[in-house]
>>> print(open('protein35.cif').read())   # mmCIF, C-alpha atoms (C1' of nucleotides)
data_structure
#
loop_
_atom_site.group_PDB
_atom_site.id
_atom_site.type_symbol
_atom_site.label_atom_id
_atom_site.label_comp_id
_atom_site.auth_asym_id
_atom_site.auth_seq_id
_atom_site.Cartn_x
_atom_site.Cartn_y
_atom_site.Cartn_z
ATOM 1 C CA MET A 1 0.000 0.000 0.000
ATOM 2 C CA PRO A 2 2.339 2.650 1.098
ATOM 3 C CA GLU A 3 4.504 4.311 -1.474
ATOM 4 C CA LEU A 4 6.809 7.253 -0.951
ATOM 5 C CA PRO A 5 4.084 9.848 -0.184
ATOM 6 C CA GLU A 6 2.406 7.594 2.378
ATOM 7 C CA VAL A 7 5.694 6.727 4.056
ATOM 8 C CA GLU A 8 6.715 10.394 4.072
ATOM 9 C CA THR A 9 3.403 11.297 5.711
ATOM 10 C CA VAL A 10 3.891 8.644 8.384
ATOM 11 C CA VAL A 11 7.378 9.945 9.133
ATOM 12 C CA ARG A 12 6.240 13.562 9.340
ATOM 13 C CA ASP A 13 3.368 12.576 11.620
ATOM 14 C CA LEU A 14 5.551 10.445 13.865
ATOM 15 C CA ARG A 15 8.389 12.935 14.207
ATOM 16 C CA PRO A 16 6.775 15.204 16.835
ATOM 17 C CA LEU A 17 5.217 12.224 18.597
ATOM 18 C CA LEU A 18 8.378 10.133 18.836
ATOM 19 C CA VAL A 19 11.522 12.225 18.779
ATOM 20 C CA GLY A 20 12.805 12.707 22.317
ATOM 21 C CA ARG A 21 10.604 9.907 23.694
ATOM 22 C CA ARG A 22 12.023 6.799 25.329
ATOM 23 C CA PHE A 23 10.845 3.226 24.759
ATOM 24 C CA THR A 24 9.912 2.003 28.242
ATOM 25 C CA GLY A 25 8.701 -1.405 27.108
ATOM 26 C CA VAL A 26 8.681 -3.461 23.931
ATOM 27 C CA TRP A 27 6.349 -6.278 22.902
ATOM 28 C CA ALA A 28 6.284 -8.468 19.788
ATOM 29 C CA GLY A 29 3.456 -10.786 18.798
ATOM 30 C CA PRO A 30 3.998 -14.411 17.829
ATOM 31 C CA LEU A 31 3.485 -14.068 14.087
ATOM 32 C CA ALA A 32 6.538 -13.475 11.954
ATOM 33 C CA LEU A 33 6.852 -10.480 9.699
ATOM 34 C CA ARG A 34 8.707 -10.641 6.426
ATOM 35 C CA LYS A 35 12.121 -10.596 8.068
ATOM 36 C CA PRO A 36 12.932 -12.328 11.344
ATOM 37 C CA TRP A 37 13.059 -9.893 14.197
ATOM 38 C CA THR A 38 16.530 -9.247 15.591
ATOM 39 C CA ARG A 39 17.721 -11.364 18.503
ATOM 40 C CA GLY A 40 17.908 -9.449 21.755
ATOM 41 C CA TRP A 41 15.946 -6.521 20.389
ATOM 42 C CA GLU A 42 13.863 -5.963 23.543
ATOM 43 C CA ARG A 43 16.969 -5.367 25.636
ATOM 44 C CA ARG A 44 18.574 -3.193 23.004
ATOM 45 C CA LEU A 45 15.537 -0.946 22.637
ATOM 46 C CA THR A 46 14.104 -0.758 26.131
ATOM 47 C CA GLY A 47 15.036 2.476 27.869
ATOM 48 C CA ARG A 48 16.425 4.005 24.685
ATOM 49 C CA ARG A 49 15.467 7.396 23.376
ATOM 50 C CA VAL A 50 14.409 8.110 19.791
ATOM 51 C CA GLU A 51 16.681 10.810 18.432
ATOM 52 C CA ALA A 52 15.324 11.192 14.908
ATOM 53 C CA ILE A 53 13.078 9.559 12.333
ATOM 54 C CA ARG A 54 13.520 9.737 8.597
ATOM 55 C CA ARG A 55 12.476 8.155 5.311
ATOM 56 C CA ARG A 56 14.541 6.564 2.562
ATOM 57 C CA GLY A 57 12.526 5.334 -0.404
ATOM 58 C CA LYS A 58 9.689 3.380 1.202
ATOM 59 C CA TRP A 59 11.759 2.646 4.308
ATOM 60 C CA ILE A 60 11.355 4.292 7.711
ATOM 61 C CA VAL A 61 14.486 4.698 9.810
ATOM 62 C CA ALA A 62 14.177 5.497 13.519
ATOM 63 C CA GLU A 63 17.510 6.642 14.899
ATOM 64 C CA MET A 64 17.949 5.509 18.494
ATOM 65 C CA GLU A 65 20.451 6.891 20.959
ATOM 66 C CA ARG A 66 23.774 5.019 21.074
ATOM 67 C CA GLY A 67 23.549 4.170 17.406
ATOM 68 C CA ASP A 68 20.857 1.514 17.014
ATOM 69 C CA ARG A 69 18.593 1.985 13.991
ATOM 70 C CA LEU A 70 15.074 0.591 13.801
ATOM 71 C CA VAL A 71 14.243 0.131 10.117
ATOM 72 C CA VAL A 72 10.612 -0.461 9.171
ATOM 73 C CA HIS A 73 8.956 -1.290 5.862
ATOM 74 C CA LEU A 74 5.168 -1.144 5.664
ATOM 75 C CA GLY A 75 4.772 -3.699 2.880
ATOM 76 C CA MET A 76 1.232 -3.615 1.485
ATOM 77 C CA THR A 77 -0.893 -3.184 4.586
ATOM 78 C CA GLY A 78 1.462 -1.932 7.277
ATOM 79 C CA GLN A 79 0.448 0.822 9.692
ATOM 80 C CA LEU A 80 2.881 2.545 12.040
ATOM 81 C CA THR A 81 1.023 4.786 14.455
ATOM 82 C CA VAL A 82 1.192 6.352 17.876
ATOM 83 C CA ALA A 83 -1.925 5.716 19.940
ATOM 84 C CA PRO A 84 -2.913 6.331 23.559
ATOM 85 C CA ALA A 85 -1.856 3.408 25.723
ATOM 86 C CA GLU A 86 -5.467 2.832 26.746
ATOM 87 C CA ALA A 87 -6.756 2.666 23.173
ATOM 88 C CA PRO A 88 -7.775 -0.895 22.269
ATOM 89 C CA THR A 89 -5.138 -2.816 20.352
ATOM 90 C CA LYS A 90 -6.508 -3.720 16.946
ATOM 91 C CA PRO A 91 -6.163 -7.195 15.446
ATOM 92 C CA HIS A 92 -2.967 -7.820 13.453
ATOM 93 C CA THR A 93 -0.885 -5.624 15.731
ATOM 94 C CA HIS A 94 2.564 -7.227 15.784
ATOM 95 C CA LEU A 95 4.813 -4.760 17.592
ATOM 96 C CA VAL A 96 4.116 -2.370 20.452
ATOM 97 C CA PHE A 97 6.607 0.098 21.933
ATOM 98 C CA ASP A 98 5.564 1.853 25.158
ATOM 99 C CA LEU A 99 6.577 5.510 25.251
ATOM 100 C CA ASP A 100 7.625 7.434 28.355
ATOM 101 C CA GLU A 101 5.838 10.397 29.938
ATOM 102 C CA GLY A 102 2.365 9.208 28.978
ATOM 103 C CA ALA A 103 3.082 9.663 25.288
ATOM 104 C CA GLY A 104 1.203 6.472 24.443
ATOM 105 C CA GLN A 105 2.429 3.583 22.317
ATOM 106 C CA LEU A 106 4.066 3.188 18.947
ATOM 107 C CA ARG A 107 2.243 0.324 17.240
ATOM 108 C CA PHE A 108 2.975 -1.650 14.107
ATOM 109 C CA ARG A 109 -0.043 -3.291 12.495
ATOM 110 C CA ASP A 110 0.091 -5.306 9.314
ATOM 111 C CA VAL A 111 -2.729 -7.554 8.130
ATOM 112 C CA ARG A 112 -0.819 -9.326 5.379
ATOM 113 C CA ARG A 113 2.556 -9.311 7.136
ATOM 114 C CA PHE A 114 4.505 -8.294 4.057
ATOM 115 C CA GLY A 115 6.079 -5.576 6.159
ATOM 116 C CA SER A 116 9.206 -5.836 8.254
ATOM 117 C CA ALA A 117 11.044 -4.297 11.176
ATOM 118 C CA THR A 118 14.769 -4.794 11.638
ATOM 119 C CA LEU A 119 17.298 -3.516 14.114
ATOM 120 C CA PHE A 120 20.712 -2.383 12.878
ATOM 121 C CA GLN A 121 23.610 -1.350 15.068
ATOM 122 C CA ALA A 122 24.635 1.788 13.225
ATOM 123 C CA ASP A 123 23.948 4.006 10.253
ATOM 124 C CA GLU A 124 26.727 2.291 8.326
ATOM 125 C CA ASP A 125 24.870 -1.002 8.595
ATOM 126 C CA VAL A 126 21.657 0.569 7.349
ATOM 127 C CA GLU A 127 23.512 2.110 4.438
ATOM 128 C CA ALA A 128 25.155 -1.226 3.652
ATOM 129 C CA PHE A 129 21.730 -2.853 3.674
ATOM 130 C CA PHE A 130 20.308 -0.281 1.261
ATOM 131 C CA ARG A 131 23.400 -0.587 -0.903
ATOM 132 C CA ALA A 132 23.121 -4.363 -1.037
ATOM 133 C CA ALA A 133 19.520 -3.978 -2.189
ATOM 134 C CA GLY A 134 20.710 -1.556 -4.865
ATOM 135 C CA LEU A 135 18.286 1.094 -3.618
ATOM 136 C CA GLY A 136 18.293 3.966 -6.094
ATOM 137 C CA PRO A 137 18.278 7.720 -5.467
ATOM 138 C CA GLU A 138 15.343 9.696 -4.103
ATOM 139 C CA PRO A 139 13.235 10.928 -7.036
ATOM 140 C CA PHE A 140 13.488 14.631 -6.196
ATOM 141 C CA GLY A 141 15.973 16.971 -7.816
ATOM 142 C CA LEU A 142 17.516 14.363 -10.070
ATOM 143 C CA ASP A 143 19.042 15.760 -13.213
ATOM 144 C CA ALA A 144 17.692 14.961 -16.651
ATOM 145 C CA ALA A 145 20.828 13.081 -17.592
ATOM 146 C CA TYR A 146 20.288 10.497 -14.872
ATOM 147 C CA TRP A 147 16.810 9.619 -16.129
ATOM 148 C CA ARG A 148 17.893 9.613 -19.742
ATOM 149 C CA GLN A 149 20.763 7.285 -18.955
ATOM 150 C CA ARG A 150 18.762 4.865 -16.809
ATOM 151 C CA LEU A 151 15.945 4.673 -19.331
ATOM 152 C CA ALA A 152 18.322 4.166 -22.236
ATOM 153 C CA ALA A 153 19.985 1.278 -20.436
ATOM 154 C CA THR A 154 17.050 -1.125 -20.382
ATOM 155 C CA ALA A 155 14.636 -2.815 -22.749
ATOM 156 C CA ARG A 156 11.953 -3.113 -20.073
ATOM 157 C CA CYS A 157 8.705 -1.193 -20.326
ATOM 158 C CA LEU A 158 8.293 2.135 -18.534
ATOM 159 C CA LYS A 159 5.961 0.680 -15.922
ATOM 160 C CA ALA A 160 8.533 -1.921 -14.896
ATOM 161 C CA VAL A 161 11.291 0.678 -14.723
ATOM 162 C CA LEU A 162 9.273 3.014 -12.504
ATOM 163 C CA LEU A 163 8.509 0.161 -10.117
ATOM 164 C CA ASP A 164 12.190 -0.789 -9.915
ATOM 165 C CA GLN A 165 13.479 0.658 -6.639
ATOM 166 C CA ARG A 166 17.032 0.474 -7.999
ATOM 167 C CA VAL A 167 16.273 3.100 -10.628
ATOM 168 C CA VAL A 168 14.414 5.521 -8.375
ATOM 169 C CA ALA A 169 13.347 4.822 -4.794
ATOM 170 C CA GLY A 170 9.772 5.235 -3.635
ATOM 171 C CA VAL A 171 7.461 4.896 -6.642
ATOM 172 C CA GLY A 172 4.859 2.122 -6.426
ATOM 173 C CA ASN A 173 1.926 0.941 -8.476
ATOM 174 C CA ILE A 174 -0.409 3.898 -7.932
ATOM 175 C CA TYR A 175 2.050 6.704 -8.561
ATOM 176 C CA ALA A 176 3.719 4.880 -11.451
ATOM 177 C CA ASP A 177 0.361 4.899 -13.259
ATOM 178 C CA GLU A 178 -0.389 8.479 -12.253
ATOM 179 C CA ALA A 179 3.042 9.725 -13.340
ATOM 180 C CA LEU A 180 2.798 7.975 -16.711
ATOM 181 C CA TYR A 181 -0.636 9.493 -17.197
ATOM 182 C CA ALA A 182 0.628 12.965 -16.301
ATOM 183 C CA ALA A 183 3.550 12.529 -18.697
ATOM 184 C CA ARG A 184 1.230 11.177 -21.430
ATOM 185 C CA LEU A 185 3.422 8.130 -21.831
ATOM 186 C CA HIS A 186 2.132 4.618 -22.500
ATOM 187 C CA PRO A 187 3.170 2.280 -19.678
ATOM 188 C CA ALA A 188 4.206 -0.432 -22.148
ATOM 189 C CA ARG A 189 6.621 1.813 -24.023
ATOM 190 C CA ILE A 190 10.144 0.412 -24.067
ATOM 191 C CA ALA A 191 12.343 2.573 -21.862
ATOM 192 C CA SER A 192 15.307 2.609 -24.234
ATOM 193 C CA GLY A 193 13.098 3.968 -26.990
ATOM 194 C CA MET A 194 12.424 7.201 -25.153
ATOM 195 C CA GLY A 195 13.589 10.517 -26.505
ATOM 196 C CA ALA A 196 15.296 13.062 -24.282
ATOM 197 C CA ARG A 197 12.177 15.199 -24.108
ATOM 198 C CA GLU A 198 10.012 12.243 -23.140
ATOM 199 C CA ALA A 199 12.487 11.179 -20.500
ATOM 200 C CA ASP A 200 12.349 14.665 -19.061
ATOM 201 C CA ARG A 201 8.540 14.672 -19.096
ATOM 202 C CA LEU A 202 8.607 11.495 -17.051
ATOM 203 C CA ARG A 203 11.169 12.903 -14.616
ATOM 204 C CA ARG A 204 9.014 15.964 -13.989
ATOM 205 C CA ALA A 205 5.779 13.997 -13.804
ATOM 206 C CA VAL A 206 7.162 11.693 -11.118
ATOM 207 C CA GLU A 207 8.213 14.644 -8.980
ATOM 208 C CA THR A 208 4.954 16.522 -9.501
ATOM 209 C CA VAL A 209 2.742 13.534 -8.736
ATOM 210 C CA LEU A 210 4.686 12.533 -5.629
ATOM 211 C CA ASN A 211 4.788 16.083 -4.292
ATOM 212 C CA ARG A 212 1.072 16.529 -4.805
ATOM 213 C CA ALA A 213 0.417 13.220 -3.040
ATOM 214 C CA ILE A 214 2.540 14.312 -0.091
ATOM 215 C CA GLU A 215 0.500 17.544 0.104
ATOM 216 C CA ARG A 216 -2.636 15.428 0.214
ATOM 217 C CA ARG A 217 -1.136 13.146 2.896
ATOM 218 C CA GLY A 218 -1.043 10.076 0.662
ATOM 219 C CA SER A 219 -3.765 7.798 -0.677
ATOM 220 C CA SER A 220 -6.102 5.715 1.462
ATOM 221 C CA ILE A 221 -7.824 3.049 -0.579
ATOM 222 C CA ARG A 222 -8.293 0.531 2.139
ATOM 223 C CA ASP A 223 -5.687 0.200 4.863
ATOM 224 C CA TYR A 224 -3.413 3.192 4.738
ATOM 225 C CA VAL A 225 -3.347 5.629 7.643
ATOM 226 C CA GLY A 226 -0.774 8.240 8.649
ATOM 227 C CA GLY A 227 1.286 8.199 11.823
ATOM 228 C CA ALA A 228 -1.570 9.497 13.959
ATOM 229 C CA GLY A 229 -4.121 7.140 12.425
ATOM 230 C CA GLN A 230 -5.886 9.402 9.929
ATOM 231 C CA LYS A 231 -6.496 8.609 6.279
ATOM 232 C CA GLY A 232 -4.995 10.400 3.280
ATOM 233 C CA GLU A 233 -6.874 12.332 0.589
ATOM 234 C CA MET A 234 -4.955 11.764 -2.634
ATOM 235 C CA GLN A 235 -7.239 8.939 -3.766
ATOM 236 C CA THR A 236 -9.801 11.573 -4.779
ATOM 237 C CA GLU A 237 -7.370 12.949 -7.356
ATOM 238 C CA PHE A 238 -6.472 9.770 -9.205
ATOM 239 C CA ARG A 239 -6.655 10.293 -12.962
ATOM 240 C CA ALA A 240 -5.875 6.760 -14.105
ATOM 241 C CA TYR A 241 -5.252 4.390 -11.213
ATOM 242 C CA GLY A 242 -8.331 2.369 -10.329
ATOM 243 C CA ARG A 243 -10.487 4.154 -12.909
ATOM 244 C CA THR A 244 -10.905 1.355 -15.426
ATOM 245 C CA GLY A 245 -13.840 2.066 -17.738
ATOM 246 C CA GLU A 246 -14.240 5.659 -16.566
ATOM 247 C CA PRO A 247 -13.662 8.597 -18.934
ATOM 248 C CA CYS A 248 -10.193 10.066 -19.154
ATOM 249 C CA PRO A 249 -10.254 13.544 -17.549
ATOM 250 C CA ARG A 250 -8.282 14.911 -20.487
ATOM 251 C CA CYS A 251 -9.966 13.416 -23.546
ATOM 252 C CA GLY A 252 -12.940 11.374 -22.425
ATOM 253 C CA ALA A 253 -11.705 8.054 -23.796
ATOM 254 C CA LEU A 254 -12.230 5.165 -21.435
ATOM 255 C CA ILE A 255 -9.385 4.279 -19.091
ATOM 256 C CA GLU A 256 -8.051 0.783 -19.755
ATOM 257 C CA ARG A 257 -6.434 -1.730 -17.501
ATOM 258 C CA VAL A 258 -3.720 -4.194 -18.486
ATOM 259 C CA ARG A 259 -1.215 -6.281 -16.605
ATOM 260 C CA LEU A 260 2.399 -5.145 -16.834
ATOM 261 C CA ALA A 261 5.367 -6.199 -14.737
ATOM 262 C CA GLY A 262 2.901 -8.386 -12.854
ATOM 263 C CA ARG A 263 0.842 -5.414 -11.726
ATOM 264 C CA SER A 264 -2.490 -3.885 -12.688
ATOM 265 C CA THR A 265 -1.758 -0.930 -14.916
ATOM 266 C CA HIS A 266 -4.223 1.839 -15.777
ATOM 267 C CA PHE A 267 -3.879 4.283 -18.651
ATOM 268 C CA CYS A 268 -5.702 6.305 -21.280
ATOM 269 C CA PRO A 269 -5.311 4.603 -24.670
ATOM 270 C CA VAL A 270 -5.738 7.928 -26.479
ATOM 271 C CA CYS A 271 -3.625 10.362 -24.430
ATOM 272 C CA GLN A 272 -0.925 7.813 -23.756
ATOM 273 C CA LYS A 273 0.043 6.625 -27.210
ATOM 274 C CA LYS A 274 1.969 3.433 -27.561
ATOM 275 C CA GLU A 275 3.690 4.350 -30.807
ATOM 276 C CA VAL A 276 6.059 7.284 -30.931
ATOM 277 C CA HIS A 277 4.950 10.362 -32.874
ATOM 278 C CA HIS A 278 7.544 11.372 -35.388
ATOM 279 C CA LYS A 279 5.959 14.705 -36.050
ATOM 280 C CA ASP A 280 7.973 16.704 -33.557
ATOM 281 C CA LYS A 281 10.995 17.097 -35.801
ATOM 282 C CA LYS A 282 11.648 20.793 -36.010
ATOM 283 C CA GLY A 283 8.862 23.050 -37.141
ATOM 284 C CA THR A 284 5.817 21.541 -35.455
ATOM 285 C CA LYS A 285 6.679 22.193 -31.873
ATOM 286 C CA LYS A 286 3.237 22.890 -30.537
ATOM 287 C CA SER A 287 1.273 20.260 -32.360
ATOM 288 C CA HIS A 288 -0.860 19.191 -29.438
ATOM 289 C CA GLY A 289 -3.613 21.531 -30.491
ATOM 290 C CA LEU A 290 -4.293 19.298 -33.453
ATOM 291 C CA LYS A 291 -5.829 16.448 -31.616
ATOM 292 C CA LYS A 292 -9.276 17.901 -31.310
ATOM 293 C CA SER A 293 -11.892 15.750 -32.971
ATOM 294 C "C1'" DA B 1 23.360 -9.786 -16.033
ATOM 295 C "C1'" DT B 2 18.569 -9.290 -16.635
ATOM 296 C "C1'" DA B 3 13.648 -9.968 -17.055
ATOM 297 C "C1'" DG B 4 9.549 -12.368 -15.926
ATOM 298 C "C1'" DG B 5 6.906 -15.390 -12.786
ATOM 299 C "C1'" DC B 6 5.664 -17.054 -8.381
ATOM 300 C "C1'" DG B 7 5.121 -17.082 -3.479
ATOM 301 C "C1'" DC B 8 4.513 -14.890 0.744
ATOM 302 C "C1'" DC B 9 -0.281 -13.505 3.770
ATOM 303 C "C1'" DT B 10 -5.171 -12.011 4.823
ATOM 304 C "C1'" DG B 11 -9.455 -9.967 3.575
ATOM 305 C "C1'" DC B 12 -12.858 -8.329 0.479
ATOM 306 C "C1'" DT B 13 -15.697 -8.254 -3.809
ATOM 307 C "C1'" DG B 14 -18.137 -9.831 -7.704
ATOM 308 C "C1'" DG B 15 -19.926 -13.414 -10.491
ATOM 309 C "C1'" DC B 16 -22.189 -17.677 -10.780
ATOM 310 C "C1'" DT C 1 -27.342 -17.383 0.428
ATOM 311 C "C1'" DG C 2 -22.916 -19.581 -0.488
ATOM 312 C "C1'" DC C 3 -18.731 -20.519 -2.652
ATOM 313 C "C1'" DC C 4 -14.636 -19.419 -4.958
ATOM 314 C "C1'" DA C 5 -11.748 -17.105 -8.141
ATOM 315 C "C1'" DG C 6 -9.577 -12.957 -8.511
ATOM 316 C "C1'" DC C 7 -7.713 -8.955 -6.707
ATOM 317 C "C1'" DA C 8 -5.006 -5.693 -3.463
ATOM 318 C "C1'" DG C 9 -0.569 0.132 -2.097
ATOM 319 C "C1'" DG C 10 5.538 -4.737 -2.092
ATOM 320 C "C1'" DC C 11 9.407 -7.323 -2.546
ATOM 321 C "C1'" DG C 12 12.642 -11.248 -2.778
ATOM 322 C "C1'" DC C 13 13.807 -15.608 -4.687
ATOM 323 C "C1'" DC C 14 14.033 -18.671 -8.520
ATOM 324 C "C1'" DT C 15 14.580 -19.729 -13.274
ATOM 325 C "C1'" DA C 16 15.613 -19.243 -18.152
#
>>> encode(input="protein35.cif", output="structure tokens")
Amino acid sequence: MPELPEVETVVRDLRPLLVGRRFTGVWAGPLALRKPWTRGWERRLTGRRVEAIRRRGKWIVAEMERGDRLVVHLGMTGQLTVAPAEAPTKPHTHLVFDLDEGAGQLRFRDVRRFGSATLFQADEDVEAFFRAAGLGPEPFGLDAAYWRQRLAATARCLKAVLLDQRVVAGVGNIYADEALYAARLHPARIASGMGAREADRLRRAVETVLNRAIERRGSSIRDYVGGAGQKGEMQTEFRAYGRTGEPCPRCGALIERVRLAGRSTHFCPVCQKKEVHHKDKKGTKKSHGLKKS
DNA sequence: ATAGGCGCCTGCTGGC
DNA sequence: TGCCAGCAGGCGCCTA
């Protein structure tokens, strides 16, 4: 569920609730998450203060005093929230951290258990972990050359490239579709066949879509909530994702759904042309006015 | 090396 | 009403 905007919202919500607080008790349920929980974690975390919390791609990193790093991934249905200690614990809650000074509890809930929580000893270990996974750069402020180069280097379709966390970290299925729609690029286009201008359209569309989603506090379709438990609003602004059979907001053609890179993919078959237009040679720069009727 | 497919989990929805 | 296939915001492992 959570892509970069959702994870960013969680981190921003949690920051004032967690930073400076101490874990006074730690509990883990019996069901395993995606990665085995670190041996001796209760002892290492109990009594420790949270110094900072940050995001990297779709990962959440809580920086603990004395160097330990708690690294959380929300998978598809993960929720990381602070709640009052007396609030009922919902089903599928797998980790609970008691906070000092009546600040409540940090709780990790995850119905499908595709999420994970891992304890590292130091920042260097977290960085080594991200490096081993090949985690790519954050998608903001990248130069055009980076996109052009990464797209040129692969014969995969655009949808697959956007979902690849090694190319750019943080884009998932929703925002891949929304960015391709905004850039008017067909998701099945082969990445290496992109022109420089198209590559730059995609670069800008990814940034624009993600920034807008952060402003709207992410998308809540089913499970997603921010760090204080409230839903996001971006789902009301989807142009392509989940709108199969509805009219395209730009041209009125019906949004189609196909399967690409193993994922449901939504696009407008008219605005997002599969074949490249060769008409933008020199003279006809502003030819987009022609596609009326 | 790289690209595609499957499995991991649970819950919900739509069609028969 | 009931059942079951299909689907879901992600990722890692296996194979060709």
>>> resolve_selection(input="protein35.cif", expression="the PyMOL selection byres ((chain C and resi 7) around 9)", output="VMD selection string")
(chain B and resid 12 to 13) or (chain C and resid 6 8)
>>> residues_around(input="protein35.cif", residues="DT2 (chain B)", least_positions_apart="2", cutoff="10 Å", atoms="only C-alpha atoms (C1' of nucleotides)", output="NGL selection string")
(:A and (154-156)) or (:B and (4))
>>> atom_distance(input="protein35.cif", atom1="CA of Gly252 (chain A)", atom2="CA of Phe267 (chain A)")
12.1 Å
>>> interface_residues(input="protein35.cif", of="chain C", to="chain A", cutoff="9 Å", atoms="all atoms listed in the file", output="list in words")
DA8, DG9, DG10 and DC11 of chain C
>>> interface_residues(input="protein35.cif", of="chain B", to="chain A", cutoff="10 Å", atoms="all atoms listed in the file", output="PyMOL selection string")
chain B and resi 2-5+8-11
>>> decode(input="protein35.cif", residues="chain B", atoms="C-alpha atoms (C1' of nucleotides)", output="tab-separated table (two decimals), in the first residue's frame")
chain	number	residue	atom	x	y	z
B	1	DA	C1'	23.36	-9.79	-16.03
B	2	DT	C1'	18.57	-9.29	-16.63
B	3	DA	C1'	13.65	-9.97	-17.05
B	4	DG	C1'	9.55	-12.37	-15.93
B	5	DG	C1'	6.91	-15.39	-12.79
B	6	DC	C1'	5.66	-17.05	-8.38
B	7	DG	C1'	5.12	-17.08	-3.48
B	8	DC	C1'	4.51	-14.89	0.74
B	9	DC	C1'	-0.28	-13.51	3.77
B	10	DT	C1'	-5.17	-12.01	4.82
B	11	DG	C1'	-9.45	-9.97	3.57
B	12	DC	C1'	-12.86	-8.33	0.48
B	13	DT	C1'	-15.70	-8.25	-3.81
B	14	DG	C1'	-18.14	-9.83	-7.70
B	15	DG	C1'	-19.93	-13.41	-10.49
B	16	DC	C1'	-22.19	-17.68	-10.78
